[in-house]
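Asks: I'd like to ask you about the structure that follows.
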Amino acid sequence: MTSTLYRLFLRDCKHHLRKQSDILNPLCFFVIICSLFPLGLSADRELLNTIGGGVIWVSVLLSMMMGLNQIFRDDYEAGVLEQFLFTHTTLTQVALAKIAAFWCLSALPMIILAPVMGTAYHLNGDQILVLMMGLTLGTPTLALLGSIGAALTLNLKNGGVLLAILILPLFAPVLIFGAGMVSAVGMGLPVNAQLSLLGALMFGSLSLAPFATSFALKNSLDY
Amino acid sequence: MSPTIDSTIPDLQVINAVVTRSDLELFEPVSFNCTRGQVIHMVGQNGVGKTTLMRSICGFRVLHSGQILWDNKDIEKNKNFYLNSAYLGHRDAHSPLQTAWESLHFYQQLYTPGANKGDIDPLLNKLDLLAQADVSVDHLSFGQKRKLAIARLLLSERKLWLLDEPFSGVDRAGRELIENIFVQHISSMGMIVLTNHGRLQNSQLLGCVSELELFQHNIMLKEL
């Protein structure tokens, strides 16, 4: 089972790397949104430090939304998805591998870029550290929850907007804890509770979302 | 051709199957058995529901009424059915981001993990695709993609082939080649359910074909 998962994961990573717009578009989008806020508001140090965590988190959410729509679509449209039914591989494994590949190639680059963006918002060292920890724990939850929506909207022609409406509200808890953590640490408060909650959300969605996604994927084959 | 009966290979049974599309019953209830060494050729006019029936046999959609059995068990959640059959639909099921060889290698590992990847080149050669082995699937012609999909069927080593328009886009030589592959499959106790416009030409194949005609029905299920 592990080797199947790993093989599927490698295949998906390779696909993302061959279709570079999958990786570069959300990443550029992320950098641009982050850069627009200081331009539109002001270069005031205090203000930027206050909004920095929230802005970076929202940018991550929106950039991930962009890529989510694509995670199953290529295989669905090529007819590969339905072929998995005829193998030992379950759709749950397929979903898990795709979510992991999506996370590695869309969320991970953003986490790596986050300190650069953080510096632009005058976040201090602790805040940047907490921002990165929060993103590391939070983005898998976003990918997992988002995959349910992506699978549900798979057989719609223009599912992108519906996907956003369906999924963005579910991202709220992650956003609240993640962005809250950055401002809390700025005020010198402990962030253990938020970190634990983000971790709990991640494991909770990891244990439930792949099954929901595989069920939705199975349903999408009925056309 | 008189294949010896091997009792370990079960049959596909379709009993009084009715499929619907937006509350419209497409054709009169259909029943058939597909046993080893047999080809079921579904015919019927456009829109009569051949593809819809085929997708129901694959379990992608639920029948409105009737049953589809494999080894006397319903195919729903019947892993035994899925591991003995291979499906070729309208979509060739090859990712455009892979090369022809990579795509077959991917399926080989899914179907028979640990199989020898040296088997792929002879298979591509058999379907006249060896020169395209390292060409991205995206750059293959329509007919070549279809032939690549036939290569996938051979790779699967499954007994039951469910084929929706396998010849579409394939040239005459390719068609003869594919019919020969069907003959080999049938003579090695395989079974085929296929939809196809136009007649099959291979005389050996025709000896095993049962035609199944679907008749348009179009009855509304719900009176609103």
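Labels for the structure tokens follow display order: chains A, B, ..., residues from 1 in each chain, ligands from 1.
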I need the contact residues of chain A against chain B, so if you could list those with any atom within 10 Å, counting only C-alpha atoms, and return them as a ChimeraX atom specification, that would help.

Replies: /A:3-4,7-8,11,14-19,74-89,218-223

Asks: Mind checking DSSP for stretch 69-191 of chain B and telling me the helix (DSSP H, G or I) residues as number ranges by chain?

Replies: B: 79-82, 100-111, 117-126, 130-132, 137-139, 142-156, 172-187

Asks: In Å, rounded to a single decimal, give me how far atom CA of A:Trp57 is from atom CA of A:Ser214.

Replies: 27.9 Å

Asks: Between atom CA of A:Ala216 and atom CA of A:Leu142, what distance in Å does the model show, to one decimal?

Replies: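 Going from atom CA of A:Ala216 over to atom CA of A:Leu142, I get 17.2 Å.
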
Asks: Could you pull the residues within 12 Å of stretch 118-123 of chain B, counting only C-alpha atoms, minus those fewer than 6 positions along the same chain, as a list of chain:residue names?

Replies: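 Listing them by chain and then by number gives B:Ala100, B:Trp101, B:Glu102, B:Ser103, B:Leu104, B:His105, B:Phe106, B:Tyr107, B:Gln108, B:Gln109, B:Thr112, B:Leu129, B:Leu130, B:Ala131, B:Gln132, B:Ala133, B:Asp134, B:Lys147, B:Leu148, B:Ala149, B:Ile150, B:Ala151, B:Arg152, B:Leu153, B:Leu154, B:Leu155, B:Ser156, B:Ile181.
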
Asks: Skipping near chain neighbours, those fewer than 3 positions away, what residues fall within 8 Å of A:Leu163 using only C-alpha atoms, listed as a list of chain:residue names?

Replies: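 Surrounding residues, per the criterion: A:Asn69, A:Gly149, A:Ala150, A:Thr153, A:Gly159, A:Gly160, A:Leu166, A:Ile167.
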
Asks: Next, dump the selected residues to file, keeping only N, CA, C and O atoms, as a PDB file, in the first residue's frame.

Replies:
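Written output follows (part.pdb):
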```
ATOM      1  N   ASN A  69      -8.655  23.728  -7.781  1.00  0.00           N
ATOM      2  CA  ASN A  69      -9.571  23.360  -8.857  1.00  0.00           C
ATOM      3  C   ASN A  69      -8.946  22.346  -9.804  1.00  0.00           C
ATOM      4  O   ASN A  69      -9.642  21.565 -10.441  1.00  0.00           O
ATOM      5  N   GLY A 149     -14.012  19.741  -1.745  1.00  0.00           N
ATOM      6  CA  GLY A 149     -14.717  20.651  -2.646  1.00  0.00           C
ATOM      7  C   GLY A 149     -14.315  20.427  -4.091  1.00  0.00           C
ATOM      8  O   GLY A 149     -15.153  20.427  -4.991  1.00  0.00           O
ATOM      9  N   ALA A 150     -13.009  20.203  -4.314  1.00  0.00           N
ATOM     10  CA  ALA A 150     -12.534  19.994  -5.681  1.00  0.00           C
ATOM     11  C   ALA A 150     -13.192  18.758  -6.282  1.00  0.00           C
ATOM     12  O   ALA A 150     -13.584  18.750  -7.444  1.00  0.00           O
ATOM     13  N   THR A 153     -16.976  19.368  -7.117  1.00  0.00           N
ATOM     14  CA  THR A 153     -17.274  20.244  -8.251  1.00  0.00           C
ATOM     15  C   THR A 153     -16.619  19.752  -9.537  1.00  0.00           C
ATOM     16  O   THR A 153     -16.580  20.457 -10.531  1.00  0.00           O
ATOM     17  N   GLY A 159     -16.647  25.058 -12.244  1.00  0.00           N
ATOM     18  CA  GLY A 159     -16.771  24.788 -10.816  1.00  0.00           C
ATOM     19  C   GLY A 159     -15.944  25.705  -9.937  1.00  0.00           C
ATOM     20  O   GLY A 159     -16.076  25.673  -8.723  1.00  0.00           O
ATOM     21  N   GLY A 160     -15.075  26.513 -10.562  1.00  0.00           N
ATOM     22  CA  GLY A 160     -14.103  27.286  -9.793  1.00  0.00           C
ATOM     23  C   GLY A 160     -14.720  28.196  -8.748  1.00  0.00           C
ATOM     24  O   GLY A 160     -14.319  28.182  -7.584  1.00  0.00           O
ATOM     25  N   LEU A 166     -17.901  27.271  -1.638  1.00  0.00           N
ATOM     26  CA  LEU A 166     -18.097  26.077  -0.816  1.00  0.00           C
ATOM     27  C   LEU A 166     -17.009  25.934   0.242  1.00  0.00           C
ATOM     28  O   LEU A 166     -17.272  25.559   1.379  1.00  0.00           O
ATOM     29  N   ILE A 167     -15.789  26.236  -0.140  1.00  0.00           N
ATOM     30  CA  ILE A 167     -14.642  25.854   0.681  1.00  0.00           C
ATOM     31  C   ILE A 167     -14.083  26.996   1.535  1.00  0.00           C
ATOM     32  O   ILE A 167     -13.682  26.771   2.674  1.00  0.00           O
TER      33      ILE A 167
END
```

Asks: Nearest to B:Leu200: which of B:Val39, B:Ile186, B:Ala115, B:Cys34 is it, counting only C-alpha atoms?

Replies: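 Of all the options, B:Val39 lies closest to B:Leu200.
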
Asks: At what distance in Å, to one decimal, does atom CA of B:Gly114 lie from atom CA of A:Thr92?

Replies: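 Pair atom CA of A:Thr92 / atom CA of B:Gly114 returns 21.8 Å.
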
Asks: With distances taken over only C-alpha atoms, which of A:Ala114, A:Val94, A:Ala212, A:Leu131 is nearest to A:Leu145?

Replies: A:Ala212

Asks: Name the residues in contact with A:Cys13 at a cut-off of 8 Å, using only C-alpha atoms, excluding same-chain residues fewer than 3 positions from it; report them as a list in words.

Replies: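 Result of the neighbour search: Phe9, Leu10, His16, Leu17, Ala101, Phe102 and Leu105 of chain A.
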
Asks: Which of these, A:Leu91, A:Ala151, A:Ala172, A:Cys28, has the shortest distance to A:Gly54 once you count only C-alpha atoms?

Replies: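 Answer, going by the shortest atom-to-atom distance: A:Ala172.
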
Asks: Pick the closest to B:Asn180 from B:His139, B:Lys159, B:Arg146, B:Lys126: which is it, counting only C-alpha atoms?

Replies: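 Among B:His139, B:Lys159, B:Arg146, B:Lys126, it is B:Lys126 that comes nearest to B:Asn180.
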
Asks: Would you list the contacts of B:Val14 as JSON, numbers by chain, taking every protein, DNA or RNA residue within 8 Å and counting only C-alpha atoms, but skipping same-chain residues closer than 6 positions in sequence?

Replies: {"B": [30, 31, 32, 33, 66, 67, 68, 69]}

Asks: Any chance you could export the current selection's C-alpha atoms as a tab-separated table (two decimals), in the first residue's frame?

Replies:
```tsv
chain	number	residue	atom	x	y	z
B	30	VAL	CA	-31.89	-5.70	-21.61
B	31	SER	CA	-30.58	-9.08	-20.51
B	32	PHE	CA	-27.55	-10.96	-21.69
B	33	ASN	CA	-24.80	-13.28	-20.56
B	66	GLY	CA	-32.12	-4.73	-13.00
B	67	GLN	CA	-28.91	-6.37	-11.99
B	68	ILE	CA	-25.37	-6.80	-13.19
B	69	LEU	CA	-23.69	-9.87	-11.79
```

Asks: Write out as JSON, numbers by chain the residues lying within 10 Å of B:Asn196, counting only C-alpha atoms and excluding same-chain residues fewer than 5 positions away.

Replies: {"B": [41, 42, 43, 44, 50, 163, 164, 165, 166, 167, 168]}
